[in-house]
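Quick look at model00.txt (compact mmCIF, C-alpha atoms):
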# COMPACT_ATOMS: atom_id res chain seq x y z
CA MET M 1 -10.52 6.96 -32.87
CA VAL M 2 -7.24 5.12 -32.75
CA GLU M 3 -4.26 7.43 -32.94
CA LYS M 4 -1.94 6.80 -35.81
CA SER M 5 1.50 5.68 -34.74
CA THR M 6 4.20 8.26 -35.26
CA LYS M 7 6.93 5.71 -34.67
CA THR M 8 9.27 5.51 -37.63
CA ALA M 9 10.39 2.15 -38.89
CA ARG M 10 13.90 1.28 -37.90
CA GLY M 11 16.27 -1.62 -38.27
CA THR M 12 15.44 -4.80 -40.08
CA VAL M 13 12.78 -7.23 -39.10
CA GLN M 14 13.61 -10.86 -38.90
CA CYS M 15 10.75 -13.26 -39.57
CA GLU M 16 10.35 -16.81 -38.53
CA ASN M 17 7.86 -18.97 -40.32
CA THR M 18 6.60 -21.14 -37.56
CA ASN M 19 3.31 -22.73 -38.58
CA ILE M 20 2.69 -23.93 -35.06
CA HIS M 21 -0.81 -25.06 -34.17
CA LEU M 22 -2.51 -22.50 -31.91
CA LEU M 23 -3.57 -25.21 -29.54
CA LYS M 24 -0.22 -26.98 -29.50
CA ALA M 25 -0.16 -26.80 -25.71
CA ASN M 26 -3.56 -28.55 -25.59
CA ASP M 27 -2.71 -31.15 -28.21
CA PHE M 28 0.54 -32.03 -26.49
CA VAL M 29 -1.41 -32.97 -23.36
CA ALA M 30 -4.06 -34.76 -25.45
CA ASP M 31 -1.31 -37.02 -26.78
CA ILE M 32 -0.20 -37.84 -23.25
CA ILE M 33 -3.79 -38.80 -22.38
CA LYS M 34 -3.96 -41.02 -25.48
CA LYS M 35 -0.82 -42.85 -24.40
CA GLU M 36 -2.13 -43.37 -20.86
CA MET M 37 -5.34 -44.84 -22.26
CA ALA M 38 -3.44 -47.09 -24.64
CA LYS M 39 -1.47 -48.52 -21.71
CA THR M 40 -4.59 -49.69 -19.89
CA GLY M 41 -6.74 -50.29 -22.98
CA THR M 42 -9.39 -47.89 -21.67
CA LEU M 43 -11.84 -46.59 -24.26
CA LEU M 44 -12.22 -42.82 -23.97
CA ILE M 45 -15.36 -41.17 -25.33
CA ASN M 46 -15.97 -37.43 -25.42
CA ILE M 47 -19.69 -36.64 -25.20
CA THR M 48 -20.63 -33.20 -26.50
CA SER M 49 -23.89 -31.34 -27.15
CA SER M 50 -25.84 -28.21 -26.33
CA ALA M 51 -26.92 -27.71 -22.73
CA GLY M 52 -29.99 -29.77 -21.85
CA SER M 53 -29.90 -32.33 -24.64
CA GLY M 54 -29.77 -35.29 -22.26
CA LYS M 55 -26.08 -36.11 -21.85
CA THR M 56 -26.28 -36.86 -18.13
CA THR M 57 -29.51 -38.86 -18.51
CA LEU M 58 -27.82 -40.91 -21.22
CA MET M 59 -24.85 -41.49 -18.90
CA GLN M 60 -27.25 -42.75 -16.20
CA LYS M 61 -29.04 -44.99 -18.69
CA THR M 62 -25.80 -46.37 -20.13
CA ALA M 63 -24.47 -47.05 -16.62
CA GLU M 64 -27.63 -48.97 -15.69
CA LYS M 65 -27.46 -51.10 -18.83
CA LEU M 66 -23.75 -51.83 -18.90
CA LYS M 67 -22.41 -51.68 -15.35
CA ASP M 68 -22.69 -55.45 -14.87
CA LYS M 69 -20.82 -56.11 -18.12
CA ILE M 70 -17.98 -53.60 -18.06
CA ASN M 71 -16.42 -51.09 -15.69
CA ILE M 72 -17.52 -47.57 -16.54
CA ALA M 73 -16.47 -44.22 -15.12
CA VAL M 74 -17.48 -40.68 -16.02
CA MET M 75 -15.84 -37.31 -15.67
CA VAL M 76 -18.25 -34.49 -16.17
CA GLY M 77 -17.51 -30.85 -16.86
CA ASP M 78 -19.71 -27.96 -15.85
CA LEU M 79 -19.19 -24.31 -15.08
CA GLU M 80 -20.47 -24.78 -11.52
CA THR M 81 -21.98 -27.36 -9.11
CA GLU M 82 -21.51 -31.08 -8.62
CA ARG M 83 -25.08 -31.95 -9.58
CA ASP M 84 -24.31 -34.05 -12.64
CA ALA M 85 -21.68 -36.19 -10.92
CA GLU M 86 -24.14 -36.80 -8.06
CA ARG M 87 -26.83 -37.94 -10.50
CA ILE M 88 -24.44 -40.32 -12.23
CA ARG M 89 -23.12 -41.73 -8.91
CA GLU M 90 -26.66 -42.72 -7.95
CA THR M 91 -26.45 -45.42 -10.62
CA GLY M 92 -23.51 -46.96 -8.80
CA ILE M 93 -20.62 -45.98 -11.06
CA GLN M 94 -17.70 -43.66 -10.39
CA ALA M 95 -18.19 -40.06 -11.43
CA LEU M 96 -15.96 -37.09 -10.97
CA GLN M 97 -17.03 -33.51 -11.46
CA ILE M 98 -14.70 -31.03 -13.14
CA VAL M 99 -15.84 -27.52 -12.25
CA THR M 100 -14.44 -25.23 -14.92
CA GLY M 101 -15.32 -22.06 -13.01
CA GLY M 102 -16.77 -20.25 -16.00
CA ILE M 103 -14.75 -21.78 -18.82
CA CYS M 104 -17.00 -22.91 -21.65
CA HIS M 105 -15.21 -26.15 -22.59
CA LEU M 106 -12.91 -28.82 -21.21
CA GLU M 107 -9.22 -28.71 -22.11
CA ALA M 108 -6.84 -31.64 -22.21
CA GLN M 109 -4.97 -30.20 -19.24
CA MET M 110 -8.11 -30.34 -17.06
CA VAL M 111 -8.73 -33.96 -18.01
CA HIS M 112 -5.12 -34.93 -17.44
CA GLN M 113 -5.11 -33.30 -14.01
CA VAL M 114 -7.86 -35.56 -12.72
CA LEU M 115 -6.82 -38.78 -14.47
CA ASP M 116 -4.90 -40.04 -11.44
CA GLN M 117 -8.17 -40.04 -9.48
CA PHE M 118 -9.24 -43.01 -11.58
CA ASP M 119 -7.97 -46.57 -11.34
CA LEU M 120 -7.59 -46.86 -15.11
CA GLU M 121 -6.35 -50.45 -14.93
CA ASN M 122 -9.84 -51.38 -13.85
CA ILE M 123 -11.83 -49.09 -16.14
CA ASP M 124 -12.92 -50.34 -19.56
CA LEU M 125 -14.83 -47.27 -20.62
CA LEU M 126 -14.27 -43.70 -19.53
CA PHE M 127 -16.73 -41.04 -20.63
CA ILE M 128 -15.93 -37.37 -20.64
CA GLU M 129 -19.20 -35.50 -20.47
CA ASN M 130 -18.15 -32.15 -21.87
CA VAL M 131 -19.60 -28.74 -21.02
CA GLY M 132 -22.93 -28.24 -22.81
CA ASN M 133 -21.88 -26.12 -25.79
CA LEU M 134 -21.72 -26.90 -29.50
CA VAL M 135 -19.00 -24.36 -30.27
CA CYS M 136 -15.90 -24.20 -28.08
CA PRO M 137 -15.47 -27.88 -27.10
CA SER M 138 -15.13 -28.78 -30.79
CA SER M 139 -11.62 -27.28 -31.01
CA PHE M 140 -10.14 -29.04 -28.00
CA ASP M 141 -8.89 -32.58 -28.50
CA LEU M 142 -9.08 -34.43 -25.19
CA GLY M 143 -7.26 -37.50 -26.45
CA GLU M 144 -10.55 -39.32 -26.99
CA ASP M 145 -11.03 -42.37 -29.21
CA TYR M 146 -14.45 -41.20 -30.34
CA ARG M 147 -16.45 -38.03 -30.16
CA VAL M 148 -20.20 -38.47 -29.84
CA THR M 149 -22.55 -35.51 -30.19
CA LEU M 150 -26.11 -35.51 -28.93
CA MET M 151 -28.69 -33.57 -30.87
CA ALA M 152 -32.05 -33.38 -29.08
CA THR M 153 -35.29 -33.29 -31.06
CA THR M 154 -36.27 -30.21 -29.02
CA GLU M 155 -33.30 -28.23 -30.35
CA GLY M 156 -34.39 -27.96 -33.97
CA ASP M 157 -33.04 -29.94 -36.90
CA ASP M 158 -30.93 -27.10 -38.32
CA LYS M 159 -28.00 -27.42 -35.91
CA PRO M 160 -25.40 -29.36 -37.97
CA LYS M 161 -25.06 -26.51 -40.47
CA LYS M 162 -25.04 -23.89 -37.72
CA TYR M 163 -22.28 -25.61 -35.77
CA PRO M 164 -20.40 -27.44 -38.54
CA LYS M 165 -17.09 -27.91 -36.75
CA MET M 166 -18.67 -30.00 -34.02
CA PHE M 167 -20.38 -32.30 -36.50
CA LEU M 168 -17.31 -32.48 -38.73
CA THR M 169 -15.21 -33.71 -35.81
CA SER M 170 -17.80 -36.13 -34.39
CA ASP M 171 -17.88 -39.84 -35.12
CA MET M 172 -21.49 -40.28 -34.10
CA MET M 173 -24.60 -38.14 -33.79
CA LEU M 174 -27.21 -39.36 -31.35
CA VAL M 175 -30.63 -37.89 -32.07
CA SER M 176 -31.83 -37.78 -28.45
CA LYS M 177 -35.30 -37.34 -26.93
CA ALA M 178 -36.74 -39.32 -29.85
CA ASP M 179 -39.83 -40.01 -27.71
CA LEU M 180 -40.82 -36.37 -28.28
CA LEU M 181 -40.76 -36.64 -32.09
CA PRO M 182 -44.58 -36.74 -32.41
CA TYR M 183 -44.82 -33.39 -30.60
CA VAL M 184 -42.01 -31.32 -32.09
CA PRO M 185 -41.39 -29.97 -35.60
CA PHE M 186 -38.17 -31.95 -36.03
CA SER M 187 -37.21 -34.05 -39.02
CA VAL M 188 -34.71 -36.85 -38.41
CA GLU M 189 -34.29 -37.07 -42.17
CA ALA M 190 -33.41 -33.37 -42.48
CA VAL M 191 -30.95 -33.41 -39.57
CA THR M 192 -29.28 -36.54 -40.95
CA LYS M 193 -28.99 -34.99 -44.41
CA ASP M 194 -27.41 -31.81 -43.00
CA ALA M 195 -25.04 -33.72 -40.74
CA ARG M 196 -23.95 -35.97 -43.62
CA GLU M 197 -23.37 -32.95 -45.89
CA VAL M 198 -20.91 -31.73 -43.29
CA ASN M 199 -19.47 -35.16 -42.45
CA HIS M 200 -20.40 -38.07 -44.69
CA GLU M 201 -18.83 -40.59 -42.31
CA ILE M 202 -20.88 -39.63 -39.24
CA GLU M 203 -22.94 -42.46 -37.78
CA VAL M 204 -26.48 -41.51 -36.80
CA LEU M 205 -28.59 -43.22 -34.16
CA GLN M 206 -31.99 -42.24 -32.80
CA ILE M 207 -32.35 -42.72 -29.06
CA SER M 208 -34.62 -42.07 -26.11
CA SER M 209 -33.47 -42.51 -22.54
CA ILE M 210 -37.15 -42.54 -21.51
CA THR M 211 -38.55 -45.25 -23.80
CA ASP M 212 -35.19 -47.03 -24.33
CA GLU M 213 -35.44 -46.63 -28.09
CA GLY M 214 -32.00 -47.15 -29.65
CA ILE M 215 -30.34 -47.70 -26.25
CA ASP M 216 -29.51 -51.34 -26.97
CA GLN M 217 -27.85 -50.37 -30.27
CA TRP M 218 -25.90 -47.62 -28.49
CA CYS M 219 -24.73 -50.08 -25.83
CA ASP M 220 -23.81 -52.66 -28.46
CA TRP M 221 -21.74 -50.04 -30.30
CA LEU M 222 -19.96 -49.19 -27.04
CA LEU M 223 -19.27 -52.86 -26.22
CA LYS M 224 -17.88 -53.41 -29.70
CA LYS M 225 -15.55 -50.41 -29.36
CA VAL M 226 -14.45 -51.46 -25.86
CA LYS M 227 -13.57 -54.90 -27.23
CA GLN M 228 -11.62 -53.39 -30.15
CA LYS M 229 -9.69 -51.15 -27.78
CA LYS M 230 -8.76 -54.10 -25.55
CA GLY M 231 -7.39 -55.71 -28.70
CA MET F 1 -14.10 -17.42 -22.72
CA HIS F 2 -12.64 -19.67 -25.32
CA GLU F 3 -10.68 -16.82 -26.93
CA THR F 4 -8.92 -16.20 -23.61
CA SER F 5 -7.82 -19.85 -23.53
CA ILE F 6 -6.51 -19.55 -27.07
CA VAL F 7 -4.47 -16.43 -26.32
CA ASN F 8 -3.01 -18.15 -23.25
CA SER F 9 -2.15 -21.18 -25.35
CA ILE F 10 -0.47 -19.03 -28.04
CA MET F 11 1.69 -17.20 -25.53
CA ARG F 12 2.56 -20.39 -23.64
CA THR F 13 3.56 -22.03 -26.91
CA LEU F 14 5.77 -19.10 -27.93
CA GLU F 15 7.42 -19.10 -24.53
CA GLN F 16 8.27 -22.76 -24.99
CA GLU F 17 9.44 -22.26 -28.53
CA PHE F 18 11.73 -19.25 -28.14
CA GLU F 19 14.36 -18.09 -25.66
CA ARG F 20 13.48 -15.22 -23.34
CA GLU F 21 16.08 -13.01 -25.04
CA LYS F 22 14.41 -13.53 -28.37
CA LEU F 23 10.92 -13.03 -26.94
CA ASN F 24 12.00 -9.61 -25.70
CA LYS F 25 12.62 -8.67 -29.34
CA MET F 26 9.30 -10.03 -30.57
CA LYS F 27 7.51 -7.49 -32.70
CA ALA F 28 4.51 -9.20 -34.23
CA ILE F 29 2.62 -12.47 -34.24
CA HIS F 30 0.83 -13.59 -37.39
CA LEU F 31 -1.99 -16.09 -37.09
CA LYS F 32 -3.80 -17.97 -39.81
CA VAL F 33 -7.24 -19.13 -38.76
CA GLY F 34 -9.73 -21.00 -40.88
CA ILE F 35 -13.40 -20.25 -41.08
CA LEU F 36 -14.03 -23.61 -39.36
CA SER F 37 -11.78 -22.89 -36.41
CA ASN F 38 -14.56 -21.14 -34.46
CA ILE F 39 -12.19 -18.24 -33.87
CA GLU F 40 -13.62 -14.80 -34.32
CA PRO F 41 -10.69 -12.43 -35.09
CA ARG F 42 -12.27 -9.45 -33.35
CA LEU F 43 -12.87 -11.36 -30.14
CA LEU F 44 -9.37 -12.78 -30.25
CA HIS F 45 -7.97 -9.24 -30.56
CA ASN F 46 -10.01 -8.26 -27.50
CA ALA F 47 -8.77 -11.26 -25.56
CA TYR F 48 -5.22 -10.37 -26.57
CA SER F 49 -5.68 -6.82 -25.23
CA ALA F 50 -7.00 -8.29 -22.00
CA TYR F 51 -3.95 -10.56 -21.79
CA HIS F 52 -1.72 -7.48 -21.75
CA LEU F 53 -3.30 -6.33 -18.48
CA THR F 54 -1.71 -9.26 -16.69
CA HIS F 55 1.35 -9.59 -18.99
CA PRO F 56 2.43 -6.01 -19.74
CA GLY F 57 5.75 -7.19 -21.20
CA TYR F 58 4.07 -8.05 -24.48
CA HIS F 59 1.97 -4.91 -24.93
CA HIS F 60 4.03 -3.70 -27.91
CA VAL F 61 3.72 -7.00 -29.80
CA GLU F 62 1.21 -6.69 -32.63
CA LEU F 63 -1.25 -9.43 -33.42
CA HIS F 64 -2.26 -10.03 -37.04
CA ILE F 65 -4.99 -12.48 -37.92
CA GLU F 66 -5.67 -13.78 -41.39
CA SER F 67 -8.92 -15.70 -41.99
CA THR F 68 -8.85 -18.43 -44.60
CA PRO F 69 -11.88 -19.75 -46.51
CA LEU F 70 -12.92 -23.38 -46.60
CA LYS F 71 -11.64 -25.69 -49.35
CA ILE F 72 -11.87 -29.44 -49.85
CA GLN F 73 -10.01 -31.64 -52.29
CA CYS F 74 -11.89 -34.63 -53.68
CA GLU F 75 -10.12 -37.93 -52.95
CA VAL F 76 -11.45 -39.39 -56.18
CA CYS F 77 -11.10 -36.71 -58.87
CA ASN F 78 -8.66 -34.40 -57.01
CA HIS F 79 -10.80 -31.39 -57.82
CA ILE F 80 -10.61 -28.53 -55.31
CA THR F 81 -13.94 -27.05 -54.24
CA ASP F 82 -14.64 -23.85 -52.32
CA VAL F 83 -17.13 -25.03 -49.73
CA GLN F 84 -20.29 -22.93 -49.62
CA ASN F 85 -22.99 -23.33 -46.97
CA TYR F 86 -21.02 -26.12 -45.36
CA ARG F 87 -21.89 -28.58 -48.14
CA PHE F 88 -18.81 -30.82 -48.13
CA ILE F 89 -19.47 -32.15 -51.60
CA CYS F 90 -17.16 -32.07 -54.64
CA GLU F 91 -18.58 -29.64 -57.21
CA ASN F 92 -17.00 -31.62 -60.02
CA CYS F 93 -18.15 -35.17 -59.32
CA ASP F 94 -20.78 -34.69 -56.57
CA ARG F 95 -19.06 -37.06 -54.15
CA PRO F 96 -18.98 -36.18 -50.44
CA SER F 97 -15.55 -35.43 -49.01
CA LYS F 98 -14.08 -34.68 -45.59
CA ASN F 99 -10.68 -33.91 -47.04
CA VAL F 100 -10.42 -30.31 -45.83
CA ILE F 101 -7.27 -28.72 -47.27
CA GLN F 102 -7.91 -25.21 -46.02
CA GLY F 103 -10.23 -23.54 -43.53
CA GLU F 104 -9.58 -25.67 -40.44
CA GLU F 105 -6.18 -24.24 -39.61
CA MET F 106 -5.32 -22.51 -36.37
CA LEU F 107 -1.73 -21.57 -36.90
CA ILE F 108 0.90 -19.30 -35.48
CA HIS F 109 2.01 -18.74 -39.00
CA LYS F 110 4.86 -16.30 -38.59
CA VAL F 111 6.61 -14.41 -35.79
CA GLU F 112 8.53 -11.19 -36.37
CA PHE F 113 11.50 -10.12 -34.29
CA GLU F 114 13.37 -6.87 -34.08
CA ASP F 115 16.84 -7.46 -35.35
Represent the supplied structure as structure tokens.
Amino acid sequence: MVEKSTKTARGTVQCENTNIHLLKANDFVADIIKKEMAKTGTLLINITSSAGSGKTTLMQKTAEKLKDKINIAVMVGDLETERDAERIRETGIQALQIVTGGICHLEAQMVHQVLDQFDLENIDLLFIENVGNLVCPSSFDLGEDYRVTLMATTEGDDKPKKYPKMFLTSDMMLVSKADLLPYVPFSVEAVTKDAREVNHEIEVLQISSITDEGIDQWCDWLLKKVKQKKG
Amino acid sequence: MHETSIVNSIMRTLEQEFEREKLNKMKAIHLKVGILSNIEPRLLHNAYSAYHLTHPGYHHVELHIESTPLKIQCEVCNHITDVQNYRFICENCDRPSKNVIQGEEMLIHKVEFED
């Protein structure tokens, strides 16, 4: 049991109404990142999802499809190992691993720290592959232009309502592993309905990095956004 | 893990905002966190206790956390709806809305100092 304080109240208490955002320190750095990206016209996309939904495979696929058209680079966050960056490098694009050492999300500070490793002048599209987690990364703005969340058909179609903040703050939901739809009890209609109840503006696209379903549309969307960013 | 980051961010922010002299007189921190902020008050309290192990200077500073429910205001009819089951739909006119007016906040709402 917690002991009751015997301390008597003394003096007056002065209050200051601050209303400062809890993550002010993070958002301050996110703004710096935004400005850096604006200078070079680099499109920054934050890719989020649960662990194992196919983020890295999608990065590989996207690199294969677009590397002759635009310059792409990826920074990828994980708690340990450099495995994802190695996989992405095999496709011939730059990839940098951020090892968070146990932290469950990327923060703007971590992204900013590694930005000078990239030659942004010559990068049209920079992906941040976030730590696989539908909860914590949703609160941390990384200065991205768009947030894209993958939702694999193997995860179950009830996720948008379970993790509403992530879907509320995402611009696009990619229903990944669509090639498995015949074998799993997953309804694209149900997941779309739930996601749109949380965020009626969210774009939804069904993709498969194995059969290439939806990949051309995804790449077209990216090219369009890259062009807009270049102005 | 994410609660630890938040506590660090709060304390870093306060240290930027106020002079050391004033921080020494700090008595309580009041937070306002929305249901959508993914912050669990109990875990944040634990993280705050853990913070004191490495920053004993703040051990007497109380932490108060107020949770706020989720509300949206319809852009069309201006009606305010209490969001239930994460259905972001106006209860008056049935239109979807993303105009969250309460429930997303993560604020250091008030700081108390010993006079």
Just the residues within 7 Å of Ala152 (chain M), please, counting only C-alpha atoms, with nothing from its chain fewer than 3 positions along; format it as number ranges by chain. M: 53, 155, 175-177
Report as a list in words the set of chain F residues whose atoms approach chain M to within 8 Å, with distances computed over all atoms listed in the file.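 Residues of chain F within 8 Å of chain M, counting all atoms listed in the file: Met1, His2, Ile6, Ser9, Ile10, Arg12, Thr13, Leu36, Ser37, Asn38, Asn85, Tyr86, Arg87, Phe88, Ile89, Pro96, Ser97, Lys98, Glu105, Met106, Leu107, Ile108, His109, Lys110, Val111, Glu112, Phe113, Glu114 and Asp115 of chain F.
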Give the answer as one residue: which of M:Leu126, M:Met75, M:Val131, M:Met151 has the shortest atom-to-atom distance to Thr100 (chain M), using only C-alpha atoms?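 Nearest to Thr100 (chain M): M:Val131.
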Can you measure CA of Ser49 (chain F) to CA of Ile35 (chain F) for me? One decimal in Å is fine. 22.2 Å
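A straight line drawn from CA of Arg87 (chain M) to CA of Gly52 (chain M) is 14.3 Å long.
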Atom pair CA of Glu189 (chain M) / CA of Val148 (chain M): separation (Å):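 Pair CA of Glu189 (chain M) / CA of Val148 (chain M) returns 18.8 Å.
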Non-local contacts of Pro185 (chain M) (9 Å; all atoms listed in the file; under 4 positions in same chain excluded) as a list in words: Thr153, Thr154, Gly156, Asp157 and Leu181 of chain M
Would you pick out the contacts of Asn99 (chain F) at 9 Å or less, using all atoms listed in the file, so that residues sharing its chain but fewer than 6 positions from it are not included, and give the list as a ChimeraX atom specification? /F:71-75,88
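Closest approach to Ile101 (chain F) among F:Glu40, F:Gly34, F:Ser67, F:Ala50 is made by F:Gly34 (distances from only C-alpha atoms).
Remark: for Leu70 (chain F), the closest of the candidate residues F:Tyr51, F:Cys90, F:Gln102, F:Tyr58 is F:Gln102 (distances computed over only C-alpha atoms).
Checking F:Met11, F:Val76, F:Ala47, F:Leu31 one by one against Arg95 (chain F), counting only C-alpha atoms, you find the shortest gap at F:Val76.
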Set the distance at 12 Å and use all atoms listed in the file: which residues neighbour His112 (chain M) once local chain neighbours fewer than 2 positions away are removed? I'd like the list as a PDB file with C-alpha atoms, keeping the file's coordinate frame.
ATOM      1  CA  ASN M  26      -3.560 -28.550 -25.590  1.00  0.00           C
ATOM      2  CA  ASP M  27      -2.710 -31.150 -28.210  1.00  0.00           C
ATOM      3  CA  PHE M  28       0.540 -32.030 -26.490  1.00  0.00           C
ATOM      4  CA  VAL M  29      -1.410 -32.970 -23.360  1.00  0.00           C
ATOM      5  CA  ALA M  30      -4.060 -34.760 -25.450  1.00  0.00           C
ATOM      6  CA  ASP M  31      -1.310 -37.020 -26.780  1.00  0.00           C
ATOM      7  CA  ILE M  32      -0.200 -37.840 -23.250  1.00  0.00           C
ATOM      8  CA  ILE M  33      -3.790 -38.800 -22.380  1.00  0.00           C
ATOM      9  CA  LYS M  34      -3.960 -41.020 -25.480  1.00  0.00           C
ATOM     10  CA  LYS M  35      -0.820 -42.850 -24.400  1.00  0.00           C
ATOM     11  CA  GLU M  36      -2.130 -43.370 -20.860  1.00  0.00           C
ATOM     12  CA  MET M  37      -5.340 -44.840 -22.260  1.00  0.00           C
ATOM     13  CA  MET M  75     -15.840 -37.310 -15.670  1.00  0.00           C
ATOM     14  CA  ILE M  98     -14.700 -31.030 -13.140  1.00  0.00           C
ATOM     15  CA  LEU M 106     -12.910 -28.820 -21.210  1.00  0.00           C
ATOM     16  CA  GLU M 107      -9.220 -28.710 -22.110  1.00  0.00           C
ATOM     17  CA  ALA M 108      -6.840 -31.640 -22.210  1.00  0.00           C
ATOM     18  CA  GLN M 109      -4.970 -30.200 -19.240  1.00  0.00           C
ATOM     19  CA  MET M 110      -8.110 -30.340 -17.060  1.00  0.00           C
ATOM     20  CA  VAL M 114      -7.860 -35.560 -12.720  1.00  0.00           C
ATOM     21  CA  LEU M 115      -6.820 -38.780 -14.470  1.00  0.00           C
ATOM     22  CA  ASP M 116      -4.900 -40.040 -11.440  1.00  0.00           C
ATOM     23  CA  GLN M 117      -8.170 -40.040  -9.480  1.00  0.00           C
ATOM     24  CA  PHE M 118      -9.240 -43.010 -11.580  1.00  0.00           C
ATOM     25  CA  ILE M 128     -15.930 -37.370 -20.640  1.00  0.00           C
ATOM     26  CA  ASP M 141      -8.890 -32.580 -28.500  1.00  0.00           C
ATOM     27  CA  LEU M 142      -9.080 -34.430 -25.190  1.00  0.00           C
ATOM     28  CA  GLY M 143      -7.260 -37.500 -26.450  1.00  0.00           C
ATOM     29  CA  GLU M 144     -10.550 -39.320 -26.990  1.00  0.00           C
TER      30      GLU M 144
END
Asn46 (chain F) proximity check over F:Cys77, F:Val83, F:Val7, F:Ile29, using only C-alpha atoms: winner is F:Val7
Long-range neighbours of region 119-121 of chain M as a list in words, 12 Å cut-off, all atoms listed in the file, 4 positions minimum in chain: Ile33, Glu36, Met37, Ala38, Lys39, Thr40, Gly41, Thr42, Leu43, Leu44, Asn71, Ile72, Ala73, Val74, Gln94, Val114, Leu115, Leu125, Leu126 and Lys230 of chain M
At most 12 Å from (-21.4, -39.3, -10.7), file frame, all atoms listed in the file: which residues, as a count of residues only? 31
Would you mind completing region 169-180 of chain M so that it carries N, CA and C atoms, and writing it out as a PDB file, keeping the file's coordinate frame?
ATOM      1  N   THR M 169     -16.200 -32.995 -36.632  1.00  0.00           N
ATOM      2  CA  THR M 169     -15.210 -33.710 -35.810  1.00  0.00           C
ATOM      3  C   THR M 169     -15.831 -34.839 -34.986  1.00  0.00           C
ATOM      4  N   SER M 170     -17.144 -35.060 -35.155  1.00  0.00           N
ATOM      5  CA  SER M 170     -17.800 -36.130 -34.390  1.00  0.00           C
ATOM      6  C   SER M 170     -17.836 -37.417 -35.180  1.00  0.00           C
ATOM      7  N   ASP M 171     -17.778 -38.534 -34.460  1.00  0.00           N
ATOM      8  CA  ASP M 171     -17.880 -39.840 -35.120  1.00  0.00           C
ATOM      9  C   ASP M 171     -19.322 -40.316 -35.135  1.00  0.00           C
ATOM     10  N   MET M 172     -20.101 -39.851 -34.160  1.00  0.00           N
ATOM     11  CA  MET M 172     -21.490 -40.280 -34.100  1.00  0.00           C
ATOM     12  C   MET M 172     -22.393 -39.144 -33.656  1.00  0.00           C
ATOM     13  N   MET M 173     -23.585 -39.095 -34.244  1.00  0.00           N
ATOM     14  CA  MET M 173     -24.600 -38.140 -33.790  1.00  0.00           C
ATOM     15  C   MET M 173     -25.752 -38.952 -33.224  1.00  0.00           C
ATOM     16  N   LEU M 174     -26.073 -38.701 -31.965  1.00  0.00           N
ATOM     17  CA  LEU M 174     -27.210 -39.360 -31.350  1.00  0.00           C
ATOM     18  C   LEU M 174     -28.385 -38.394 -31.358  1.00  0.00           C
ATOM     19  N   VAL M 175     -29.435 -38.734 -32.080  1.00  0.00           N
ATOM     20  CA  VAL M 175     -30.630 -37.890 -32.070  1.00  0.00           C
ATOM     21  C   VAL M 175     -31.401 -38.282 -30.805  1.00  0.00           C
ATOM     22  N   SER M 176     -31.279 -37.425 -29.764  1.00  0.00           N
ATOM     23  CA  SER M 176     -31.830 -37.780 -28.450  1.00  0.00           C
ATOM     24  C   SER M 176     -33.254 -37.245 -28.279  1.00  0.00           C
ATOM     25  N   LYS M 177     -33.904 -37.707 -27.222  1.00  0.00           N
ATOM     26  CA  LYS M 177     -35.300 -37.340 -26.930  1.00  0.00           C
ATOM     27  C   LYS M 177     -36.217 -37.718 -28.095  1.00  0.00           C
ATOM     28  N   ALA M 178     -35.947 -38.880 -28.689  1.00  0.00           N
ATOM     29  CA  ALA M 178     -36.740 -39.320 -29.850  1.00  0.00           C
ATOM     30  C   ALA M 178     -38.196 -39.582 -29.459  1.00  0.00           C
ATOM     31  N   ASP M 179     -38.436 -39.800 -28.151  1.00  0.00           N
ATOM     32  CA  ASP M 179     -39.830 -40.010 -27.710  1.00  0.00           C
ATOM     33  C   ASP M 179     -40.693 -38.774 -27.926  1.00  0.00           C
ATOM     34  N   LEU M 180     -40.044 -37.608 -28.092  1.00  0.00           N
ATOM     35  CA  LEU M 180     -40.820 -36.370 -28.280  1.00  0.00           C
ATOM     36  C   LEU M 180     -41.102 -36.065 -29.757  1.00  0.00           C
TER      37      LEU M 180
END
